[in-house]
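> This is the content of upload_19.csv (CSV, C-alpha atoms and all ligand atoms):
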```csv
chain,number,residue,atom,x,y,z
Y,1,MET,CA,92.2,104.4,80.4
Y,2,GLU,CA,94.4,106.8,78.4
Y,3,ILE,CA,98.2,106.7,78.5
Y,4,GLY,CA,100.0,110.0,77.6
Y,5,LYS,CA,102.4,112.7,78.5
Y,6,ASP,CA,99.9,115.6,78.9
Y,7,LEU,CA,100.9,117.3,82.2
Y,8,LEU,CA,98.1,119.9,82.0
Y,9,LYS,CA,95.5,117.2,81.5
Y,10,ALA,CA,96.9,115.3,84.6
Y,11,LYS,CA,96.9,118.6,86.6
Y,12,LYS,CA,93.2,119.3,85.7
Y,13,ILE,CA,92.0,115.8,86.6
Y,14,LEU,CA,93.8,116.1,90.0
Y,15,GLU,CA,92.5,119.5,90.7
Y,16,LYS,CA,88.9,118.2,90.2
Y,17,GLY,CA,89.5,115.5,92.7
Y,18,GLY,CA,90.2,112.7,90.2
Y,19,LEU,CA,92.8,110.0,90.0
Y,20,VAL,CA,95.9,109.9,87.8
Y,21,GLY,CA,98.5,107.1,87.4
Y,22,ILE,CA,102.0,108.6,87.9
Y,23,PRO,CA,105.4,107.2,87.1
Y,24,THR,CA,108.1,107.2,89.8
Y,25,GLU,CA,111.5,105.6,89.8
Y,26,THR,CA,110.2,102.9,92.1
Y,27,VAL,CA,106.8,101.8,90.9
Y,28,TYR,CA,103.7,103.6,89.4
Y,29,GLY,CA,101.5,105.4,91.9
Y,30,LEU,CA,97.8,106.0,91.9
Y,31,ALA,CA,97.6,109.7,92.7
Y,32,ALA,CA,95.0,112.1,94.1
Y,33,ASN,CA,95.0,115.5,95.9
Y,34,GLY,CA,96.5,114.6,99.3
Y,35,PHE,CA,94.7,117.4,101.0
Y,36,CYS,CA,91.3,116.4,99.8
Y,37,ASP,CA,89.3,113.7,101.6
Y,38,THR,CA,86.9,113.0,98.7
Y,39,ALA,CA,89.8,112.6,96.3
Y,40,VAL,CA,91.8,110.3,98.6
Y,41,VAL,CA,88.8,108.1,99.3
Y,42,ARG,CA,88.7,107.3,95.5
Y,43,ILE,CA,92.2,105.7,95.9
Y,44,PHE,CA,91.0,103.4,98.6
Y,45,GLU,CA,88.0,102.4,96.4
Y,46,ALA,CA,90.1,101.8,93.2
Y,47,LYS,CA,92.5,99.6,95.1
Y,48,LYS,CA,90.1,97.9,97.5
Y,49,ARG,CA,92.6,99.0,100.1
Y,50,PRO,CA,91.7,98.7,103.8
Y,51,HIS,CA,91.3,102.1,105.4
Y,52,PHE,CA,93.8,101.2,108.2
Y,53,ASN,CA,96.6,101.3,105.7
Y,54,PRO,CA,98.0,104.9,105.3
Y,55,LEU,CA,99.3,106.6,102.2
Y,56,ILE,CA,102.5,108.3,101.2
Y,57,LEU,CA,102.4,112.0,100.3
Y,58,HIS,CA,104.6,113.0,97.3
Y,59,THR,CA,105.9,116.4,96.6
Y,60,ASP,CA,108.8,118.1,94.9
Y,61,SER,CA,110.5,120.2,97.5
Y,62,LEU,CA,111.5,120.4,101.2
Y,63,GLU,CA,109.8,123.8,101.4
Y,64,LYS,CA,106.5,122.4,100.4
Y,65,ILE,CA,106.9,119.6,102.9
Y,66,GLY,CA,107.3,122.3,105.5
Y,67,THR,CA,103.7,123.3,104.9
Y,68,PHE,CA,102.2,119.9,106.0
Y,69,VAL,CA,104.6,118.5,108.6
Y,70,THR,CA,105.2,120.2,112.0
Y,71,GLU,CA,109.0,119.8,111.7
Y,72,VAL,CA,111.7,118.1,109.7
Y,73,PRO,CA,114.1,117.0,112.5
Y,74,PRO,CA,117.9,117.1,111.9
Y,75,LEU,CA,118.5,113.5,111.0
Y,76,ALA,CA,115.4,113.5,108.7
Y,77,ARG,CA,116.7,116.6,107.0
Y,78,PHE,CA,120.1,115.1,106.5
Y,79,LEU,CA,118.6,112.0,104.8
Y,80,ALA,CA,116.3,114.2,102.7
Y,81,GLN,CA,119.3,116.2,101.5
Y,82,LYS,CA,121.3,113.0,100.7
Y,83,PHE,CA,118.6,110.9,99.1
Y,84,TRP,CA,115.8,113.1,97.7
Y,85,PRO,CA,114.6,113.0,95.0
Y,86,GLY,CA,114.9,109.2,95.4
Y,87,PRO,CA,113.5,105.9,96.7
Y,88,LEU,CA,113.3,107.0,100.3
Y,89,THR,CA,110.1,107.6,102.4
Y,90,LEU,CA,110.4,109.5,105.7
Y,91,ILE,CA,107.9,109.2,108.5
Y,92,LEU,CA,107.2,112.7,110.0
Y,93,LYS,CA,104.6,114.5,112.0
Y,94,PRO,CA,101.7,115.9,110.0
Y,95,THR,CA,99.9,119.3,110.5
Y,96,ALA,CA,96.2,119.6,110.5
Y,97,ALA,CA,96.3,120.1,106.7
Y,98,VAL,CA,96.7,116.3,106.3
Y,99,PRO,CA,93.4,114.4,106.3
Y,100,ALA,CA,93.1,111.5,108.7
Y,101,LEU,CA,92.3,109.3,105.7
Y,102,VAL,CA,95.9,109.8,104.5
Y,103,THR,CA,97.5,108.9,107.8
Y,104,ALA,CA,94.8,106.3,108.8
Y,105,GLY,CA,94.5,108.2,112.0
Y,106,LEU,CA,98.2,107.7,113.0
Y,107,PRO,CA,100.1,110.6,114.6
Y,108,THR,CA,102.6,110.3,111.7
Y,109,VAL,CA,102.6,110.9,107.9
Y,110,ALA,CA,104.8,109.2,105.2
Y,111,VAL,CA,106.5,111.7,102.8
Y,112,ARG,CA,108.6,111.3,99.7
Y,113,ILE,CA,110.1,113.3,96.8
Y,114,PRO,CA,110.2,110.8,94.0
Y,115,ASN,CA,112.8,110.9,91.3
Y,116,HIS,CA,111.0,111.0,87.9
Y,117,PRO,CA,111.2,114.0,85.7
Y,118,LEU,CA,107.6,113.9,84.5
Y,119,THR,CA,106.2,113.5,88.0
Y,120,LEU,CA,108.5,116.1,89.4
Y,121,SER,CA,107.2,118.5,86.7
Y,122,LEU,CA,103.6,117.7,87.6
Y,123,LEU,CA,104.3,118.1,91.3
Y,124,SER,CA,105.9,121.5,90.6
Y,125,MET,CA,102.6,122.6,89.0
Y,126,LEU,CA,100.5,121.7,92.0
Y,127,ASP,CA,99.8,123.5,95.2
Y,128,PHE,CA,99.0,120.3,97.0
Y,129,PRO,CA,100.9,117.0,97.6
Y,130,LEU,CA,99.9,113.8,95.9
Y,131,ALA,CA,98.7,110.9,98.0
Y,132,ALA,CA,99.8,107.9,96.0
Y,133,PRO,CA,100.1,104.2,96.9
Y,134,SER,CA,101.4,101.8,94.4
Y,135,ALA,CA,98.8,101.5,91.6
Y,136,ASN,CA,97.9,97.8,92.0
Y,137,SER,CA,94.8,96.4,93.7
Y,138,SER,CA,95.6,95.7,97.4
Y,139,GLY,CA,97.8,92.7,97.8
Y,140,TYR,CA,98.6,92.3,94.0
Y,141,ILE,CA,101.9,92.8,92.2
Y,142,SER,CA,103.1,96.5,92.0
Y,143,PRO,CA,103.1,98.1,88.5
Y,144,THR,CA,106.3,99.1,86.8
Y,145,LYS,CA,104.9,100.0,83.4
Y,146,PRO,CA,101.9,102.2,82.4
Y,147,THR,CA,100.1,99.2,80.9
Y,148,HIS,CA,100.2,97.4,84.2
Y,149,LEU,CA,97.6,99.8,85.4
Y,150,LEU,CA,95.1,98.3,83.0
Y,151,SER,CA,95.1,94.9,84.6
Y,152,GLY,CA,96.1,95.3,88.2
Y,153,LEU,CA,93.4,97.6,89.6
Y,154,HIS,CA,89.6,97.3,90.3
Y,155,THR,CA,89.0,100.7,88.7
Y,156,PRO,CA,91.9,102.0,86.5
Y,157,PRO,CA,92.3,105.8,86.5
Y,158,SER,CA,91.1,107.6,83.4
Y,159,TYR,CA,94.6,108.9,82.7
Y,160,VAL,CA,98.1,107.6,83.2
Y,161,LEU,CA,101.2,109.7,82.7
Y,162,ASP,CA,103.6,107.7,80.5
Y,163,GLY,CA,107.0,107.7,82.2
Y,164,GLY,CA,108.2,104.4,80.6
Y,165,THR,CA,109.5,101.6,82.7
Y,166,CYS,CA,110.4,102.3,86.4
Y,167,GLN,CA,114.1,102.5,86.8
Y,168,VAL,CA,114.4,101.0,90.3
Y,169,GLY,CA,111.4,98.7,90.2
Y,170,LEU,CA,111.0,98.2,94.0
Y,171,GLU,CA,109.0,100.5,96.3
Y,172,SER,CA,110.8,103.1,98.4
Y,173,THR,CA,112.6,102.2,101.6
Y,174,ILE,CA,110.5,103.5,104.5
Y,175,VAL,CA,112.4,105.1,107.4
Y,176,LEU,CA,111.3,106.4,110.8
Y,177,PRO,CA,114.0,108.8,111.9
Y,178,GLN,CA,114.7,109.0,115.6
Y,179,LYS,CA,117.1,111.4,117.4
Y,180,GLU,CA,120.3,109.4,116.8
Y,181,LYS,CA,119.2,106.4,114.7
Y,182,ILE,CA,116.7,105.3,112.1
Y,183,ILE,CA,114.2,102.5,112.2
Y,184,ILE,CA,113.6,100.8,108.8
Y,185,LEU,CA,109.9,100.0,108.4
Y,186,ARG,CA,110.1,98.6,104.8
Y,187,GLN,CA,113.2,97.6,102.9
Y,188,GLY,CA,113.1,98.9,99.4
Y,189,GLY,CA,114.8,100.7,96.5
Y,190,LEU,CA,117.3,102.4,98.7
Y,191,PRO,CA,119.5,99.6,100.1
Y,192,ILE,CA,120.5,99.8,103.7
Y,193,GLU,CA,124.2,100.0,103.0
Y,194,LYS,CA,123.6,103.5,101.8
Y,195,PHE,CA,122.7,104.4,105.5
Y,196,GLU,CA,125.5,102.2,106.9
Y,197,ASN,CA,128.0,104.0,104.7
Y,198,LEU,CA,127.0,107.3,106.4
Y,199,GLY,CA,127.6,105.7,109.8
Y,200,ILE,CA,123.9,105.9,110.7
Y,201,GLU,CA,122.7,103.5,113.4
Y,202,ILE,CA,119.9,101.3,112.1
Y,203,ASP,CA,117.1,99.3,113.8
Y,204,PHE,CA,114.4,97.2,112.1
Y,205,THR,CA,110.9,96.4,112.9
Y,206,SER,CA,109.5,93.0,112.3
Y,207,HIS,CA,107.5,93.2,109.1
Y,208,SER,CA,105.2,90.4,110.1
Y,209,ALA,CA,104.3,91.9,113.4
Y,210,SER,CA,100.6,91.7,114.0
Y,211,PRO,CA,99.1,94.3,114.1
Y,212,PRO,CA,101.9,95.5,111.7
Y,213,GLN,CA,104.1,98.4,112.7
Y,214,ALA,CA,103.9,99.9,109.2
Y,215,PRO,CA,100.3,99.0,108.7
Y,216,GLY,CA,100.8,98.0,105.1
Y,217,MET,CA,103.4,95.4,106.0
Y,218,LEU,CA,100.8,92.7,106.0
Y,219,SER,CA,102.5,89.4,105.4
Y,220,ARG,CA,100.9,88.3,102.1
Y,221,HIS,CA,101.5,91.0,99.5
Y,222,TYR,CA,102.8,91.3,95.9
Y,223,SER,CA,101.1,88.0,95.2
Y,224,PRO,CA,100.2,86.7,91.7
Y,225,HIS,CA,96.8,84.9,91.4
Y,226,THR,CA,98.7,81.7,90.4
Y,227,PRO,CA,100.1,79.9,93.5
Y,228,ILE,CA,103.8,80.7,93.9
Y,229,PHE,CA,106.4,78.7,95.8
Y,230,LEU,CA,109.8,80.0,96.9
Y,231,GLY,CA,112.9,77.8,97.3
Y,232,ASN,CA,115.5,75.8,95.5
Y,233,ILE,CA,114.1,75.3,91.9
Y,234,ALA,CA,115.3,71.6,91.6
Y,235,ASP,CA,113.6,70.7,94.9
Y,236,LEU,CA,110.4,72.6,94.0
Y,237,LEU,CA,110.3,70.9,90.6
Y,238,LYS,CA,110.3,67.5,92.3
Y,239,GLN,CA,107.6,68.6,94.7
Y,240,GLN,CA,105.4,69.9,91.9
Y,241,ALA,CA,106.0,67.0,89.5
Y,242,GLY,CA,103.1,66.6,87.0
Y,243,LYS,CA,102.1,70.3,87.3
Y,244,LYS,CA,102.4,72.9,84.5
Y,245,VAL,CA,105.0,75.2,86.0
Y,246,GLY,CA,106.3,78.7,85.4
Y,247,ILE,CA,109.8,79.5,86.8
Y,248,LEU,CA,111.2,82.8,88.0
Y,249,SER,CA,115.0,82.5,88.3
Y,250,PHE,CA,117.8,84.9,89.2
Y,251,LYS,CA,120.2,84.1,86.4
Y,252,THR,CA,119.8,80.4,85.4
Y,253,ASP,CA,117.9,79.4,82.3
Y,254,TYR,CA,115.2,76.8,83.2
Y,255,SER,CA,113.4,76.9,79.9
Y,256,ALA,CA,113.9,73.1,79.3
Y,257,ALA,CA,112.1,72.4,82.6
Y,258,ALA,CA,109.1,74.7,82.5
Y,259,ALA,CA,106.2,75.9,80.4
Y,260,ALA,CA,107.1,79.5,81.0
Y,261,THR,CA,110.3,81.1,82.4
Y,262,LYS,CA,111.6,84.5,83.4
Y,263,ILE,CA,115.2,85.3,84.2
Y,264,LEU,CA,115.7,88.4,86.4
Y,265,SER,CA,119.2,89.1,85.3
Y,266,ARG,CA,121.4,86.8,83.1
Y,267,GLN,CA,124.4,88.8,84.4
Y,268,GLY,CA,123.4,88.3,88.0
Y,269,ASP,CA,123.0,92.0,88.5
Y,270,LEU,CA,120.7,92.8,91.4
Y,271,SER,CA,119.7,96.3,90.1
Y,272,GLU,CA,118.6,94.7,86.9
Y,273,ALA,CA,116.8,92.0,88.8
Y,274,ALA,CA,114.9,94.6,90.9
Y,275,ARG,CA,113.9,96.4,87.7
Y,276,GLN,CA,112.5,93.2,86.2
Y,277,LEU,CA,110.9,91.6,89.2
Y,278,PHE,CA,107.3,92.8,89.2
Y,279,ALA,CA,106.9,92.7,85.4
Y,280,ALA,CA,108.3,89.2,85.4
Y,281,LEU,CA,105.9,88.1,88.1
Y,282,ARG,CA,103.0,89.6,86.1
Y,283,ALA,CA,104.1,87.9,82.9
Y,284,LEU,CA,104.3,84.5,84.7
Y,285,ASP,CA,100.9,85.1,86.3
Y,286,GLY,CA,99.5,85.6,82.8
Y,287,ALA,CA,101.2,82.5,81.4
Y,288,GLY,CA,98.4,80.0,82.4
Y,289,THR,CA,100.6,77.7,84.5
Y,290,ASP,CA,99.3,75.8,87.6
Y,291,VAL,CA,102.1,77.1,89.8
Y,292,ILE,CA,105.0,79.5,89.7
Y,293,LEU,CA,108.3,78.5,91.2
Y,294,ALA,CA,110.7,81.2,92.3
Y,295,GLU,CA,114.2,81.2,93.8
Y,296,PRO,CA,115.6,83.7,96.2
Y,297,VAL,CA,118.4,86.1,94.9
Y,298,PRO,CA,121.6,86.8,96.8
Y,299,ASN,CA,120.6,88.4,100.1
Y,300,LYS,CA,122.6,91.6,99.8
Y,301,ALA,CA,122.1,95.1,98.5
Y,302,LEU,CA,118.8,95.3,96.6
Y,303,GLY,CA,118.6,91.5,96.9
Y,304,ILE,CA,117.3,91.9,100.4
Y,305,ALA,CA,114.2,93.8,99.3
Y,306,ILE,CA,113.7,91.5,96.3
Y,307,ASN,CA,113.7,88.5,98.6
Y,308,ASP,CA,111.3,90.3,101.0
Y,309,ARG,CA,108.9,90.8,98.1
Y,310,LEU,CA,109.3,87.1,96.9
Y,311,ARG,CA,108.7,85.8,100.5
Y,312,ARG,CA,105.5,87.9,100.8
Y,313,ALA,CA,104.3,86.9,97.4
Y,314,ALA,CA,104.6,83.2,98.4
Y,315,VAL,CA,102.6,83.5,101.6
Y,316,PRO,CA,99.6,81.3,101.0
Y,317,LYS,CA,96.1,82.8,100.9
Y,318,GLN,CA,94.3,82.6,104.3
J,401,LIG,O1,107.9,103.7,96.2
J,401,LIG,C1,106.8,103.9,96.8
J,401,LIG,O2,106.9,104.1,98.0
J,401,LIG,C2,105.5,103.9,96.0
J,401,LIG,C3,105.5,105.0,95.1
J,401,LIG,C4,104.2,105.2,94.3
J,401,LIG,O3,105.9,106.2,95.7
J,401,LIG,N1,104.4,103.9,96.9
J,401,LIG,C5,104.1,102.9,97.7
J,401,LIG,O4,102.9,103.1,98.4
J,401,LIG,O5,104.7,101.9,97.8
J,401,LIG,P1,102.1,102.0,99.2
J,401,LIG,O6,100.9,102.6,99.7
J,401,LIG,O7,101.9,100.8,98.3
J,401,LIG,O8,103.0,101.6,100.4
J,401,LIG,C6,103.1,102.6,101.4
J,401,LIG,C7,103.5,101.9,102.7
J,401,LIG,C8,102.4,101.1,103.3
J,401,LIG,O9,103.0,99.9,103.7
J,401,LIG,C9,102.0,101.9,104.4
J,401,LIG,O10,101.5,101.1,105.5
J,401,LIG,C10,103.2,102.6,104.8
J,401,LIG,O11,103.8,103.0,103.6
J,401,LIG,N2,102.9,103.9,105.6
J,401,LIG,C11,102.3,104.9,105.1
J,401,LIG,N3,102.1,105.9,106.1
J,401,LIG,C12,102.8,105.4,107.2
J,401,LIG,C13,103.0,105.8,108.5
J,401,LIG,N4,102.5,107.0,108.9
J,401,LIG,N5,103.7,105.1,109.4
J,401,LIG,C14,104.2,103.8,109.0
J,401,LIG,N6,104.0,103.3,107.7
J,401,LIG,C15,103.3,104.1,106.8
J,402,MG,MG,101.8,99.0,97.6
```
Take the structure I supplied and represent it as structure tokens, if you would.
Ligand code: TXA
Ligand code: MG

Amino acid sequence: MEIGKDLLKAKKILEKGGLVGIPTETVYGLAANGFCDTAVVRIFEAKKRPHFNPLILHTDSLEKIGTFVTEVPPLARFLAQKFWPGPLTLILKPTAAVPALVTAGLPTVAVRIPNHPLTLSLLSMLDFPLAAPSANSSGYISPTKPTHLLSGLHTPPSYVLDGGTCQVGLESTIVLPQKEKIIILRQGGLPIEKFENLGIEIDFTSHSASPPQAPGMLSRHYSPHTPIFLGNIADLLKQQAGKKVGILSFKTDYSAAAAATKILSRQGDLSEAARQLFAALRALDGAGTDVILAEPVPNKALGIAINDRLRRAAVPKQ
């Protein structure tokens, strides 16, 4: 796997139906030509992703989106204008140009304009959107640095565009716009108060619904290979006495009590914590401990999505 900034090289690989790792402000994506079945199928293979889990199409303008969705209704357009490019995914209605593999056969398609200069340049050079899930193997921790693509996938792409560390660090917020309200399908990098501040009415779907409403919202996800427990660290330390532990804390230093520790934000800043979360989980997963103990962060702003990821990470294997 090569890591570099060669946009032309990335373009050529994508035009031939290959895969490229792309930076976004949320997490790194594993991208392919979103109009090409044989290219998209490679994403599912590289991630070992179940085919019932649909993909997000990424592009760089509302005009281009108009070529593969039947309409952008008024509320969706309003949100697009407010928050794109940015960590928001909108659920819209696809035209026949969108392969069923991308939508998993659903009557809807997920669309987003990501906010990363390198990827926006790449997208502006392409006449097709990029289908791109997070570039981790299905169920593992999402990647927020180019090197994460080396270890988290079954088959890494031959090329990754080096866009540095992802600035948000959590996946996009997924929204299903209705006539007069929105339904949040996945909490993410755009905190819900951004919608509340605009006076928009919000509904939520239960993430753990079975079958899930957003098919990717399976309960166990973002999970390290090392067993991870979520709760009060002092209590967890008692429960796991005798084990070699790694600790993921919000702002407290537990280095005296553990073999490995990661602090999400010493200042207690939720944006910094979001940015650090996945890299910290990966580092602790590689630290060779028996278990990882993690504590929830304050449940507000980006903390809601951080806690959601931690809860899913800690769901035991079936
Ligand atoms: O920030 C992000 O959204 C990143 C970057 C790379 O853009 N992408 C990402 O993709 O997180 P992925 O595949 O890991 O998660 C996409 C989620 C899945 O849970 C999937 O089920 C849901 O979007 N999704 C896709 N199409 C959908 C649809 N038509 N209706 C409901 N949910 C959908
Ligand atoms: Mg993902």
> Enumerate residues in contact with ligand MG 402 (chain J): an atom-to-atom distance of at most 9 Å, counting all atoms listed in the file. Format the result as a ChimeraX atom specification.
/Y:27,29,133-142,171,216,221-222
> Need the shell around Ser158 (chain Y): protein/DNA/RNA residues with any atom at most 9 Å away, counting only C-alpha atoms. Skip same-chain ones fewer than 2 positions apart. Format as a list of chain:residue names?
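Listed by chain and then number, they are Y:Met1, Y:Glu2, Y:Ile3, Y:Ile13, Y:Gly18, Y:Leu19, Y:Val20, Y:Gly21, Y:Thr155, Y:Pro156, Y:Val160.
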> With distances taken over only C-alpha atoms, which of Y:Ala273, Y:Ile292, Y:Ile56, Y:Leu237 is nearest to Pro129 (chain Y)?
Y:Ile56
> At a cut-off of 6 Å, using all atoms listed in the file, what residues contact region 32-40 of chain Y? Leave out same-chain residues fewer than 2 positions from it and give the result as a list in words.
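With the cut-off at 6 Å, the set is Leu14, Gly17, Leu19, Arg42, Ile43, Val98, Pro129, Leu130 and Ala131 of chain Y.
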> Could you jot down the CA of Thr144 (chain Y) to CA of Pro177 (chain Y) separation for me, Å, one decimal place?
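If I compute the distance from CA of Thr144 (chain Y) to CA of Pro177 (chain Y), I get 28.0 Å.
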> With only C-alpha atoms as the counted atoms, please give the residues lying no more than 10 Å from Asp6 (chain Y), apart from itself and same-chain residues fewer than 3 positions off, as a list in words.
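Once the adjacent positions are removed, what remains is Ile3, Lys9, Ala10, Lys11, Leu118, Leu122, Tyr159, Val160, Leu161 and Asp162 of chain Y.
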